[in-house]
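Quick look at model.txt (compact mmCIF, C-alpha atoms):
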```txt
# COMPACT_ATOMS: atom_id res chain seq x y z
CA MET A 1 86.42 80.28 77.19
CA LEU A 2 87.88 82.27 80.08
CA PRO A 3 87.78 86.06 79.90
CA PRO A 4 91.31 87.40 79.38
CA ALA A 5 93.35 88.96 82.14
CA GLN A 6 92.74 92.67 81.79
CA PRO A 7 95.77 94.97 81.67
CA PHE A 8 96.12 97.48 84.49
CA ARG A 9 97.64 100.92 84.05
CA LEU A 10 100.11 102.26 86.60
CA ASP A 11 100.79 105.94 86.15
CA ARG A 12 103.55 106.29 88.72
CA ARG A 13 107.10 106.90 87.52
CA ARG A 14 109.13 103.74 86.76
CA PHE A 15 105.94 101.77 86.03
CA VAL A 16 105.00 100.90 82.47
CA ALA A 17 101.46 99.82 81.65
CA ALA A 18 100.17 97.22 79.28
CA GLY A 19 96.86 98.75 78.26
CA ALA A 20 93.90 100.42 79.93
CA ALA A 21 92.47 100.04 83.43
CA ALA A 22 90.84 96.71 84.16
CA CYS A 23 87.11 96.13 84.51
CA LEU A 24 86.78 93.24 86.93
CA ALA A 25 84.21 90.54 86.44
CA GLY A 26 81.13 90.69 88.68
CA PHE A 27 81.12 88.78 91.94
CA ALA A 28 78.63 85.90 91.95
CA PRO A 29 78.72 84.28 95.41
CA ARG A 30 77.57 80.70 95.74
CA ALA A 31 74.05 80.04 97.00
CA GLY A 32 73.77 80.53 100.72
CA ALA A 33 77.10 82.30 101.08
CA ALA A 34 77.01 85.08 103.67
CA PRO A 35 78.68 88.33 102.59
CA LEU A 36 81.53 89.58 104.75
CA GLN A 37 80.27 92.25 107.14
CA LEU A 38 82.57 95.26 107.50
CA GLU A 39 80.65 97.29 110.07
CA ALA A 40 82.68 98.39 113.10
CA LYS A 41 80.79 96.13 115.48
CA ALA A 42 81.98 94.14 118.45
CA GLY A 43 83.34 90.67 117.88
CA PRO A 44 86.13 89.26 115.74
CA PRO A 45 85.63 88.99 111.98
CA ASN A 46 85.12 85.57 110.40
CA PRO A 47 88.09 85.36 107.99
CA ILE A 48 87.68 83.98 104.47
CA PRO A 49 89.75 80.83 103.77
CA ILE A 50 91.78 81.64 100.65
CA ALA A 51 94.43 79.66 98.78
CA ILE A 52 97.23 81.74 97.23
CA THR A 53 99.45 79.69 94.95
CA ASP A 54 102.99 80.51 93.90
CA PHE A 55 102.92 82.37 90.60
CA ILE A 56 104.49 80.13 87.97
CA GLY A 57 107.18 81.12 85.47
CA GLU A 58 109.96 83.06 87.17
CA SER A 59 109.80 80.85 90.25
CA GLU A 60 111.73 83.03 92.72
CA GLN A 61 109.83 86.17 91.75
CA GLY A 62 106.53 84.27 91.67
CA ARG A 63 106.99 82.93 95.19
CA ALA A 64 107.89 86.38 96.45
CA ILE A 65 104.82 88.03 94.89
CA SER A 66 102.39 85.42 96.22
CA GLY A 67 104.07 85.65 99.64
CA VAL A 68 103.46 89.41 99.87
CA ILE A 69 99.84 88.99 98.73
CA ALA A 70 99.27 86.34 101.41
CA ALA A 71 100.95 88.49 104.08
CA ASP A 72 98.83 91.54 103.19
CA LEU A 73 95.56 89.60 103.30
CA ARG A 74 96.48 87.75 106.50
CA ARG A 75 97.41 90.98 108.31
CA SER A 76 93.99 92.45 107.51
CA GLY A 77 92.37 89.83 109.74
CA LEU A 78 89.62 89.31 107.15
CA PHE A 79 91.35 86.46 105.30
CA ALA A 80 92.90 83.16 106.38
CA PRO A 81 95.49 82.09 103.76
CA ILE A 82 95.69 78.30 103.69
CA ASP A 83 99.06 76.65 104.36
CA PRO A 84 100.52 75.63 100.95
CA LYS A 85 101.43 72.25 102.47
CA ALA A 86 97.70 71.45 102.42
CA PHE A 87 97.35 72.09 98.67
CA VAL A 88 96.21 69.04 96.71
CA GLU A 89 96.81 70.51 93.25
CA GLN A 90 100.20 71.92 92.32
CA ILE A 91 99.28 74.55 89.76
CA SER A 92 100.90 74.11 86.36
CA ASN A 93 98.36 76.14 84.37
CA PRO A 94 96.94 79.11 86.30
CA ASP A 95 94.08 79.42 83.78
CA THR A 96 92.51 76.01 84.51
CA PRO A 97 92.51 75.07 88.22
CA ARG A 98 90.86 71.83 89.33
CA PHE A 99 88.21 73.27 91.61
CA GLN A 100 87.44 69.96 93.30
CA ASP A 101 91.02 69.87 94.65
CA TRP A 102 90.51 73.27 96.29
CA ARG A 103 87.04 72.50 97.63
CA VAL A 104 88.40 69.53 99.55
CA ILE A 105 90.69 71.84 101.59
CA ASN A 106 87.77 74.26 102.16
CA ALA A 107 89.23 77.12 100.14
CA GLN A 108 86.46 79.61 99.36
CA ALA A 109 88.68 81.68 97.06
CA LEU A 110 91.75 80.82 94.99
CA VAL A 111 94.49 83.03 93.55
CA THR A 112 96.66 81.84 90.66
CA GLY A 113 99.16 83.69 88.54
CA LYS A 114 102.28 83.70 86.43
CA VAL A 115 105.37 85.85 85.93
CA ALA A 116 107.21 86.11 82.61
CA ARG A 117 110.33 88.08 81.77
CA GLN A 118 110.03 90.11 78.59
CA GLY A 119 112.75 90.82 76.06
CA ASP A 120 113.41 94.29 77.52
CA GLY A 121 114.00 92.86 81.01
CA ARG A 122 110.65 93.86 82.46
CA PHE A 123 108.29 91.42 84.12
CA GLN A 124 104.76 90.66 83.00
CA VAL A 125 102.61 89.56 85.94
CA VAL A 126 99.14 88.02 85.50
CA PHE A 127 96.82 87.02 88.32
CA ARG A 128 93.38 85.42 88.48
CA LEU A 129 90.94 85.27 91.38
CA TRP A 130 88.48 82.36 91.52
CA ASP A 131 85.31 81.54 93.44
CA VAL A 132 86.11 77.92 94.25
CA PHE A 133 82.59 76.66 95.04
CA ALA A 134 80.98 78.43 92.08
CA GLY A 135 83.88 77.43 89.80
CA GLN A 136 84.00 80.95 88.37
CA GLN A 137 86.65 83.55 87.70
CA LEU A 138 86.02 86.72 89.69
CA ALA A 139 88.88 88.93 88.51
CA ALA A 140 91.93 88.91 86.25
CA GLN A 141 94.57 91.56 85.61
CA GLN A 142 98.00 91.83 84.08
CA PHE A 143 100.87 94.21 84.78
CA VAL A 144 104.18 95.08 83.14
CA ALA A 145 106.84 96.70 85.29
CA GLN A 146 110.52 96.75 86.14
CA PRO A 147 111.67 93.81 88.30
CA ASP A 148 112.40 96.00 91.33
CA ASN A 149 108.74 97.05 91.48
CA TRP A 150 107.44 93.54 92.12
CA ARG A 151 106.49 94.31 95.72
CA ARG A 152 104.18 97.16 94.74
CA ILE A 153 102.49 94.95 92.12
CA ALA A 154 101.84 92.40 94.89
CA HIS A 155 100.21 95.11 97.04
CA ILE A 156 98.01 96.22 94.13
CA ILE A 157 96.91 92.61 93.52
CA ALA A 158 96.13 92.21 97.23
CA ASP A 159 94.02 95.39 97.05
CA ALA A 160 92.09 94.01 94.06
CA ILE A 161 91.38 90.74 95.90
CA TYR A 162 90.37 92.57 99.07
CA GLU A 163 87.95 94.83 97.20
CA LYS A 164 86.43 92.01 95.17
CA LEU A 165 85.73 89.79 98.17
CA THR A 166 84.72 92.42 100.74
CA GLY A 167 83.20 95.22 98.68
CA GLU A 168 85.55 97.73 100.37
CA LYS A 169 88.61 99.40 98.89
CA GLY A 170 91.91 97.87 99.97
CA TYR A 171 94.73 99.75 101.69
CA PHE A 172 97.87 97.76 100.87
CA ASP A 173 99.30 99.99 98.12
CA THR A 174 99.91 102.79 100.60
CA ARG A 175 102.76 104.33 102.54
CA ILE A 176 103.37 105.48 106.09
CA VAL A 177 105.31 108.59 107.07
CA PHE A 178 106.56 108.53 110.66
CA VAL A 179 109.25 109.75 113.04
CA ASP A 180 112.19 107.34 113.26
CA GLU A 181 113.81 107.45 116.70
CA SER A 182 117.30 106.13 117.42
CA GLY A 183 119.94 106.44 120.11
CA PRO A 184 119.67 106.51 123.91
CA LYS A 185 116.52 107.98 125.41
CA GLU A 186 118.20 111.12 126.72
CA ARG A 187 119.79 111.85 123.32
CA ARG A 188 117.19 110.49 120.93
CA VAL A 189 117.73 111.39 117.25
CA LYS A 190 114.44 111.90 115.39
CA ARG A 191 114.23 111.71 111.59
CA LEU A 192 111.35 111.83 109.16
CA ALA A 193 110.98 108.43 107.53
CA ILE A 194 108.68 106.82 104.99
CA MET A 195 107.90 103.18 104.22
CA ASP A 196 105.30 100.87 102.72
CA GLN A 197 102.38 100.07 105.01
CA ASP A 198 103.86 96.64 105.81
CA GLY A 199 107.17 98.10 107.05
CA TYR A 200 109.28 97.48 103.91
CA GLY A 201 111.13 100.01 101.77
CA VAL A 202 112.12 102.43 104.54
CA GLY A 203 113.60 105.72 103.36
CA TYR A 204 114.67 108.82 105.31
CA LEU A 205 113.46 112.32 104.54
CA SER A 206 115.50 114.31 107.07
CA ARG A 207 119.00 114.07 108.54
CA GLY A 208 118.12 114.17 112.22
CA ASP A 209 119.67 117.59 112.89
CA GLN A 210 116.26 119.02 113.86
CA LEU A 211 113.54 117.72 116.12
CA VAL A 212 110.61 116.70 113.89
CA LEU A 213 107.02 115.93 114.89
CA THR A 214 103.54 115.21 113.47
CA PRO A 215 104.20 114.51 109.77
CA ARG A 216 101.03 114.35 107.63
CA PHE A 217 100.42 113.48 103.96
CA SER A 218 98.75 115.70 101.41
CA PRO A 219 95.71 114.20 99.61
CA THR A 220 97.95 113.48 96.60
CA SER A 221 100.61 111.70 98.72
CA GLN A 222 103.31 113.82 97.04
CA GLU A 223 103.81 116.30 99.87
CA ILE A 224 104.18 116.09 103.62
CA THR A 225 103.54 118.79 106.16
CA TYR A 226 105.25 118.51 109.54
CA MET A 227 106.56 120.48 112.48
CA ALA A 228 110.29 120.99 113.13
CA TYR A 229 112.21 123.03 115.65
CA SER A 230 114.16 125.51 113.52
CA GLY A 231 116.13 128.29 115.21
CA GLY A 232 114.72 127.33 118.60
CA ASP A 233 111.04 127.70 117.67
CA PRO A 234 108.68 125.17 116.10
CA ARG A 235 107.83 125.87 112.46
CA VAL A 236 105.49 124.19 110.00
CA PHE A 237 107.17 122.90 106.84
CA LEU A 238 106.11 121.43 103.51
CA LEU A 239 108.26 118.71 101.96
CA ASN A 240 107.93 117.39 98.41
CA ILE A 241 108.68 113.66 98.61
CA GLU A 242 109.70 113.35 94.97
CA THR A 243 112.05 116.34 94.74
CA GLY A 244 113.14 116.71 98.37
CA GLN A 245 112.33 120.42 98.22
CA ARG A 246 111.39 121.86 101.61
CA GLU A 247 109.78 125.19 102.47
CA VAL A 248 108.40 126.92 105.53
CA VAL A 249 104.63 127.28 105.30
CA GLY A 250 104.94 130.80 106.67
CA ASN A 251 106.86 132.99 109.07
CA PHE A 252 104.53 133.62 111.97
CA PRO A 253 104.99 135.37 115.29
CA GLY A 254 104.96 132.79 118.06
CA MET A 255 104.94 129.02 117.68
CA SER A 256 103.05 126.97 115.09
CA PHE A 257 102.39 123.25 115.33
CA SER A 258 99.98 120.32 114.61
CA PRO A 259 99.73 120.97 110.84
CA ARG A 260 97.40 118.97 108.61
CA PHE A 261 96.24 119.35 105.00
CA ALA A 262 92.67 120.18 104.07
CA PRO A 263 91.01 117.59 101.80
CA ASP A 264 91.59 119.79 98.73
CA GLY A 265 95.35 119.92 99.39
CA GLN A 266 95.33 123.69 98.89
CA ARG A 267 95.16 124.65 102.56
CA VAL A 268 96.98 123.70 105.76
CA ILE A 269 95.26 123.93 109.12
CA MET A 270 97.39 124.32 112.23
CA SER A 271 97.64 125.68 115.76
CA MET A 272 99.49 128.88 116.61
CA GLN A 273 100.50 130.20 120.00
CA GLN A 274 100.31 133.96 120.36
CA ALA A 275 100.27 136.10 123.52
CA GLY A 276 99.84 133.03 125.69
CA ASN A 277 96.84 131.66 123.77
CA THR A 278 96.80 128.77 121.31
CA ASN A 279 94.23 129.00 118.53
CA ILE A 280 93.51 127.30 115.21
CA PHE A 281 94.36 128.95 111.90
CA VAL A 282 94.12 127.87 108.28
CA MET A 283 96.50 129.01 105.55
CA ASP A 284 95.77 129.12 101.83
CA LEU A 285 98.95 127.72 100.27
CA ARG A 286 98.52 129.74 97.07
CA SER A 287 97.88 133.19 98.53
CA LYS A 288 99.56 132.53 101.92
CA ALA A 289 96.54 134.23 103.52
CA MET A 290 95.88 133.19 107.12
CA THR A 291 92.40 132.87 108.63
CA ARG A 292 91.85 132.53 112.38
CA LEU A 293 89.17 129.93 113.17
CA THR A 294 89.13 130.02 116.99
CA ASP A 295 89.68 132.90 119.40
CA THR A 296 89.56 131.76 123.01
CA PRO A 297 91.86 131.97 126.05
CA ALA A 298 92.05 128.17 125.97
CA ILE A 299 94.43 125.83 124.17
CA ASP A 300 92.82 124.80 120.86
CA THR A 301 95.00 122.39 118.90
CA ALA A 302 95.23 119.17 116.82
CA PRO A 303 92.65 120.20 114.15
CA CYS A 304 91.48 117.75 111.47
CA TYR A 305 89.00 118.32 108.63
CA SER A 306 86.12 116.01 107.88
CA PRO A 307 86.45 114.31 104.46
CA ASP A 308 83.93 116.73 102.92
CA ALA A 309 85.80 119.72 104.47
CA ARG A 310 82.59 121.03 106.03
CA GLN A 311 83.62 120.44 109.65
CA ILE A 312 86.74 120.31 111.81
CA CYS A 313 87.40 118.25 114.91
CA PHE A 314 89.97 119.53 117.38
CA GLU A 315 91.25 119.27 120.94
CA SER A 316 90.56 122.01 123.48
CA ASP A 317 90.76 122.59 127.23
CA ARG A 318 88.18 125.40 127.14
CA GLY A 319 85.95 123.35 129.43
CA GLY A 320 88.66 122.82 132.04
CA SER A 321 90.25 119.61 130.66
CA SER A 322 91.37 118.39 127.26
CA GLN A 323 88.30 117.27 125.28
CA ILE A 324 87.26 116.81 121.64
CA TYR A 325 85.15 119.43 119.89
CA VAL A 326 83.63 119.70 116.41
CA MET A 327 83.04 123.03 114.65
CA ASN A 328 82.06 124.23 111.21
CA ALA A 329 84.85 124.84 108.71
CA ASP A 330 84.58 128.61 109.26
CA GLY A 331 85.12 128.21 113.01
CA SER A 332 81.48 128.66 114.02
CA GLY A 333 79.26 126.34 116.03
CA ALA A 334 81.94 124.65 118.18
CA LYS A 335 80.42 121.80 120.16
CA ARG A 336 81.97 119.37 122.63
CA ILE A 337 81.48 115.70 121.74
CA SER A 338 83.61 113.79 124.32
CA PHE A 339 82.17 113.37 127.83
CA GLY A 340 83.95 110.39 129.36
CA ASN A 341 85.75 110.66 132.70
CA ALA A 342 89.11 111.16 130.97
CA ARG A 343 91.26 113.54 128.94
CA TYR A 344 90.80 113.26 125.15
CA SER A 345 93.34 114.32 122.51
CA THR A 346 94.72 113.81 118.96
CA PRO A 347 91.34 113.51 117.19
CA VAL A 348 91.37 112.41 113.55
CA TRP A 349 88.42 112.01 111.19
CA SER A 350 87.92 108.72 109.35
CA PRO A 351 88.28 108.95 105.54
CA LYS A 352 84.74 107.52 105.34
CA GLY A 353 83.43 110.30 107.57
CA ASP A 354 81.74 107.96 110.05
CA TRP A 355 84.17 107.90 113.00
CA ILE A 356 86.59 110.13 114.88
CA ALA A 357 89.57 108.34 116.42
CA PHE A 358 91.21 109.71 119.54
CA THR A 359 93.65 109.19 122.39
CA ARG A 360 92.05 108.91 125.85
CA GLN A 361 94.02 109.26 129.07
CA ALA A 362 92.68 108.18 132.46
CA GLU A 363 94.36 106.89 135.62
CA GLY A 364 97.78 106.71 133.99
CA ARG A 365 96.63 104.61 131.03
CA PHE A 366 96.34 105.67 127.41
CA ALA A 367 93.68 104.22 125.14
CA ILE A 368 93.06 104.48 121.39
CA GLY A 369 89.37 104.62 120.60
CA ILE A 370 86.71 105.76 118.17
CA MET A 371 83.42 107.62 118.51
CA ARG A 372 80.81 108.75 116.06
CA THR A 373 81.02 112.33 114.90
CA ASP A 374 78.31 113.40 117.37
CA GLY A 375 80.17 111.72 120.27
CA SER A 376 77.95 108.63 120.46
CA GLY A 377 79.11 105.04 120.21
CA GLU A 378 82.44 105.56 121.96
CA ARG A 379 84.57 102.41 121.94
CA VAL A 380 88.08 101.74 123.22
CA LEU A 381 90.08 99.67 120.71
CA THR A 382 93.29 99.14 122.66
CA GLU A 383 94.70 100.31 125.98
CA GLY A 384 98.14 100.39 127.57
CA TYR A 385 100.75 102.48 129.31
CA HIS A 386 101.20 105.04 126.54
CA ASN A 387 99.26 104.73 123.28
CA GLU A 388 98.93 107.80 121.10
CA GLY A 389 98.62 109.30 117.62
CA PRO A 390 95.91 107.34 115.74
CA THR A 391 95.81 107.50 111.93
CA PHE A 392 93.28 105.80 109.66
CA ALA A 393 93.98 103.58 106.66
CA PRO A 394 92.40 105.18 103.55
CA ASN A 395 89.43 102.80 103.66
CA GLY A 396 88.70 103.64 107.31
CA ARG A 397 88.95 100.00 108.37
CA VAL A 398 92.30 99.96 110.23
CA ILE A 399 93.99 102.39 112.63
CA MET A 400 97.73 102.74 113.16
CA PHE A 401 99.15 104.29 116.34
CA PHE A 402 102.32 104.25 118.42
CA ARG A 403 102.93 102.73 121.83
CA ASP A 404 105.75 103.64 124.22
CA PRO A 405 106.23 101.11 127.06
CA GLY A 406 108.30 103.60 129.10
CA GLY A 407 111.63 103.05 130.78
CA ALA A 408 114.72 102.87 128.60
CA ALA A 409 112.74 101.50 125.63
CA GLY A 410 111.12 103.57 122.93
CA PRO A 411 107.89 103.67 120.92
CA ASN A 412 106.77 101.23 118.23
CA LEU A 413 103.99 101.28 115.64
CA TYR A 414 100.90 99.09 115.83
CA THR A 415 97.69 98.56 113.88
CA VAL A 416 94.26 97.58 115.15
CA ASP A 417 90.96 96.92 113.39
CA VAL A 418 88.11 99.35 114.09
CA THR A 419 86.29 96.44 115.75
CA GLY A 420 89.07 96.37 118.35
CA TYR A 421 90.49 93.07 117.12
CA ASN A 422 93.60 92.04 115.19
CA GLU A 423 96.18 94.25 116.91
CA GLN A 424 99.62 93.82 115.32
CA ARG A 425 103.03 95.44 115.57
CA VAL A 426 104.40 97.08 112.42
CA PRO A 427 108.13 96.41 111.93
CA THR A 428 110.47 99.42 111.75
CA PRO A 429 114.29 99.62 111.79
CA SER A 430 114.37 101.62 115.05
CA TYR A 431 111.87 103.05 117.45
CA ALA A 432 109.02 104.87 115.71
CA SER A 433 106.28 107.37 116.55
CA ASP A 434 103.78 109.83 115.01
CA PRO A 435 102.62 107.68 112.06
CA ALA A 436 100.43 109.04 109.26
CA TRP A 437 98.80 106.85 106.62
CA SER A 438 98.84 107.96 102.96
CA PRO A 439 95.90 107.75 100.58
CA LEU A 440 95.95 104.90 98.07
CA ARG A 441 98.75 105.52 95.59
CA SER A 442 97.77 106.39 92.04
```

Output the file's structure as structure tokens, nothing else.
Amino acid sequence: MLPPAQPFRLDRRRFVAAGAAACLAGFAPRAGAAPLQLEAKAGPPNPIPIAITDFIGESEQGRAISGVIAADLRRSGLFAPIDPKAFVEQISNPDTPRFQDWRVINAQALVTGKVARQGDGRFQVVFRLWDVFAGQQLAAQQFVAQPDNWRRIAHIIADAIYEKLTGEKGYFDTRIVFVDESGPKERRVKRLAIMDQDGYGVGYLSRGDQLVLTPRFSPTSQEITYMAYSGGDPRVFLLNIETGQREVVGNFPGMSFSPRFAPDGQRVIMSMQQAGNTNIFVMDLRSKAMTRLTDTPAIDTAPCYSPDARQICFESDRGGSSQIYVMNADGSGAKRISFGNARYSTPVWSPKGDWIAFTRQAEGRFAIGIMRTDGSGERVLTEGYHNEGPTFAPNGRVIMFFRDPGGAAGPNLYTVDVTGYNEQRVPTPSYASDPAWSPLRS
């Protein structure tokens, strides 16, 4: 007898759960199967052939859910969804697939599911993940939610499949905050915007009456810190996504910019310009106390904490050109880690703690790259006229950035794998810049 599909609890507002969190069945790969390698090494990944069937029941909703799951997995570059036209079996019972029909089309994994409308109008969604060659169920979950939340359920299912087959957390149930840019280049209107990681569900968080830059998520994904020109000077703001409430982080002499949350969400680190110098400060959001971390005649900016909050990477021209430095969280022990024949900027620490991403400028070209936290292993992932602003997916596997081709056009968002493969454009309604990736939603 098959193990039942385990219910999965969603705690976000407008989601209703059907039981406790699921415990997925253990992965038992077939004899001789090579596990997927996720190290950031050169060379394209070898994607897993996977068959994703339309979820039966509510046919329109079922097709839509399976379509989003397939799109998520395909975009990752680690999976190769098989064309449904090649399917031998047309699933009528998602609990009993004919494995021989899926082996013949070389599917290594199979996803089946069903959607049923309940008496109160909500949808119940059940999915199962199968190891085709072993003929075993790997995972099963069920969800109950309002019909308009079907897309998020699809992302959560894609995350579960990704994690089960790769051993890494997924990143599909996440959001992106960015700067939406519209209008002619000389009169560009910039608004804070937010969307799902695949470009759907765009919403606007500001009206466009102020210039906004560098939005960043809090660790809980409920707040955003960003810079806006208010009263002629740049100020750092906090914005609650749920309530729309906005507040200035503090009233400081001079200009403040490049804000970013500490991993505990209780502090914001930023740059401040005073008396011609730009140094790095951290503010405790509860006490509003400010602590200066650097004190040099150079420009120190773009700070970012390591995931364990013990170190900070930042950009500085104290050595004569813009380079990347790492220092302890109290500002001590600053050490340069970039030494290429180029200018380095916008460093950001990977959520896994293993890489620092950066922008590198040399001979009129802008590259997005990664290096280890001691500066070793530098690798360019993508290069072009103007690439900038890297941000990591919460599992550290994918980087998003923006590219501006110049001329009358404007910037667009792109993603690239940390191996340097699988570069893709992310759709947005208008031009877009300054992306920041949220943690996984809870």

Stretch 411-418 of chain A environment, 6 Å, only C-alpha atoms, sequence neighbours closer than 3 positions dropped, as an mmCIF file with C-alpha atoms, in the coordinates of the input:
```cif
data_model
loop_
_atom_site.group_PDB
_atom_site.id
_atom_site.type_symbol
_atom_site.label_atom_id
_atom_site.label_comp_id
_atom_site.auth_asym_id
_atom_site.auth_seq_id
_atom_site.Cartn_x
_atom_site.Cartn_y
_atom_site.Cartn_z
ATOM 1 C CA ALA A 40 82.680 98.390 113.100
ATOM 2 C CA ARG A 397 88.950 100.000 108.370
ATOM 3 C CA VAL A 398 92.300 99.960 110.230
ATOM 4 C CA ILE A 399 93.990 102.390 112.630
ATOM 5 C CA MET A 400 97.730 102.740 113.160
ATOM 6 C CA PHE A 401 99.150 104.290 116.340
ATOM 7 C CA PHE A 402 102.320 104.250 118.420
ATOM 8 C CA ARG A 403 102.930 102.730 121.830
ATOM 9 C CA ASP A 404 105.750 103.640 124.220
ATOM 10 C CA TYR A 421 90.490 93.070 117.120
ATOM 11 C CA ASN A 422 93.600 92.040 115.190
ATOM 12 C CA GLU A 423 96.180 94.250 116.910
ATOM 13 C CA GLN A 424 99.620 93.820 115.320
ATOM 14 C CA ARG A 425 103.030 95.440 115.570
ATOM 15 C CA VAL A 426 104.400 97.080 112.420
ATOM 16 C CA TYR A 431 111.870 103.050 117.450
ATOM 17 C CA ALA A 432 109.020 104.870 115.710
ATOM 18 C CA SER A 433 106.280 107.370 116.550
#
```

### Sel. within 9 Å of pt (107.1, 78.4, 86.3), counting all atoms listed in the file, output as a list in words
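All residues meeting the 9 Å criterion around (107.1, 78.4, 86.3) are Asp54, Phe55, Ile56, Gly57, Glu58, Ser59, Gly62, Ser92, Lys114, Val115 and Ala116 of chain A.
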
### Summary
In terms of only C-alpha atoms, the residue from A:Val104, A:Ala64, A:Ile368, A:Val132 at minimal distance from A:Ile50 is A:Val132

### Query
From the list A:Thr391, A:Asn277, A:Ser438, A:Ser76, which residue is nearest A:Gly170 when using only C-alpha atoms?
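Counting only C-alpha atoms, the residue closest to A:Gly170 is A:Ser76.
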
### Message
Using all atoms listed in the file for the distances, tell me which of A:Ala154, A:Ala342, A:Ala193, A:Leu129 is nearest to A:Gln361.
### Response
A:Ala342

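Going from atom CA of A:Ser306 to atom CA of A:His386 covers 26.4 Å.
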
### Message
Using all atoms listed in the file, which protein or nucleic acid residues come within 9 Å of A:Gly183? Drop anything in the same chain fewer than 5 positions from it, and give the result as a VMD selection string.
### Response
chain A and resid 188 to 189 430

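Take the candidates A:Arg98, A:Arg128, A:Arg318, A:Arg267 and check each one against A:Gln142 using all atoms listed in the file; the shortest distance goes to A:Arg128.
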
### Contacts of stretch 374-381 of chain A at 12 Å (only C-alpha atoms; same-chain gap of 3+ positions) as a VMD selection string
chain A and resid 40 to 43 311 313 323 to 327 334 to 340 344 347 349 353 to 361 365 to 371 384 387 390 398 to 401 414 to 423

### Task
Compute the distance from (114.3, 95.8, 93.9) to each atom, counting all atoms listed in the file, keep the residues with any atom at most 12 Å away, and return them as a list in words; use the coordinates of the file.
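Output of the proximity query reads Arg14, Gln61, Ala64, Ala145, Gln146, Pro147, Asp148, Asn149, Trp150, Arg151, Arg152, Ile153, Tyr200 and Gly201 of chain A.
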
### Spatial neighbours of A:Tyr229, max dist 7 Å, all atoms listed in the file, sep filter under 6 positions, as a PyMOL selection string
chain A and resi 210-212+235

Residue selection dump (C-alpha atoms) as a PDB file, in the frame of the given file:
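So the final result, stored in result.pdb, reads:
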```pdb
ATOM      1  CA  GLN A 210     116.260 119.020 113.860  1.00  0.00           C
ATOM      2  CA  LEU A 211     113.540 117.720 116.120  1.00  0.00           C
ATOM      3  CA  VAL A 212     110.610 116.700 113.890  1.00  0.00           C
ATOM      4  CA  ARG A 235     107.830 125.870 112.460  1.00  0.00           C
TER       5      ARG A 235
END
```

### Residue among A:Asp101, A:Glu242, A:Asp295, A:Glu186 lying closest to A:Glu89, counting all atoms listed in the file
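Nearest to A:Glu89: A:Asp101.
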
### Message
Let me make sure I understand: among A:Ala71, A:Thr243, A:Arg207, A:Pro297, which one has the smallest atom-to-atom distance to A:Gln222 if we use all atoms listed in the file?
### Response
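Distance minimum relative to A:Gln222 lands on A:Thr243.
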
### Message
So that I can check the surroundings of A:Glu223, please list as a list in words every protein, DNA and RNA residue that reaches within 9 Å of it, counting all atoms listed in the file and ignoring chain neighbours fewer than 5 positions away.
### Response
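Result of the neighbour search: Arg216, Phe217, Ser218, Leu238, Leu239, Asn240, Ile241 and Glu242 of chain A.
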
### Atomic separation - atom CA of A:Leu440 relative to atom CA of A:Asp330, Å
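Value for the atom CA of A:Asp330-atom CA of A:Leu440 distance: 28.6 Å.
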
Some atoms are absent from stretch 220-229 of chain A, so rebuild N, CA and C atoms and return them as a PDB file, keeping the file's coordinate frame.
```pdb
ATOM      1  N   THR A 220      97.330 114.096  97.771  1.00  0.00           N
ATOM      2  CA  THR A 220      97.950 113.480  96.600  1.00  0.00           C
ATOM      3  C   THR A 220      99.097 112.559  96.955  1.00  0.00           C
ATOM      4  N   SER A 221      99.494 112.519  98.231  1.00  0.00           N
ATOM      5  CA  SER A 221     100.610 111.700  98.720  1.00  0.00           C
ATOM      6  C   SER A 221     101.978 112.199  98.243  1.00  0.00           C
ATOM      7  N   GLN A 222     102.039 113.319  97.563  1.00  0.00           N
ATOM      8  CA  GLN A 222     103.310 113.820  97.040  1.00  0.00           C
ATOM      9  C   GLN A 222     103.998 114.790  97.988  1.00  0.00           C
ATOM     10  N   GLU A 223     103.234 115.350  98.935  1.00  0.00           N
ATOM     11  CA  GLU A 223     103.810 116.300  99.870  1.00  0.00           C
ATOM     12  C   GLU A 223     103.486 115.887 101.299  1.00  0.00           C
ATOM     13  N   ILE A 224     104.363 116.319 102.193  1.00  0.00           N
ATOM     14  CA  ILE A 224     104.180 116.090 103.620  1.00  0.00           C
ATOM     15  C   ILE A 224     104.270 117.428 104.321  1.00  0.00           C
ATOM     16  N   THR A 225     103.392 117.658 105.266  1.00  0.00           N
ATOM     17  CA  THR A 225     103.540 118.790 106.160  1.00  0.00           C
ATOM     18  C   THR A 225     103.925 118.251 107.534  1.00  0.00           C
ATOM     19  N   TYR A 226     104.782 118.976 108.229  1.00  0.00           N
ATOM     20  CA  TYR A 226     105.250 118.510 109.540  1.00  0.00           C
ATOM     21  C   TYR A 226     105.756 119.703 110.341  1.00  0.00           C
ATOM     22  N   MET A 227     106.008 119.465 111.604  1.00  0.00           N
ATOM     23  CA  MET A 227     106.560 120.480 112.480  1.00  0.00           C
ATOM     24  C   MET A 227     108.010 120.150 112.776  1.00  0.00           C
ATOM     25  N   ALA A 228     108.883 121.162 112.768  1.00  0.00           N
ATOM     26  CA  ALA A 228     110.290 120.990 113.130  1.00  0.00           C
ATOM     27  C   ALA A 228     110.740 122.192 113.936  1.00  0.00           C
ATOM     28  N   TYR A 229     111.637 121.939 114.880  1.00  0.00           N
ATOM     29  CA  TYR A 229     112.210 123.030 115.650  1.00  0.00           C
ATOM     30  C   TYR A 229     113.365 123.614 114.839  1.00  0.00           C
TER      31      TYR A 229
END
```
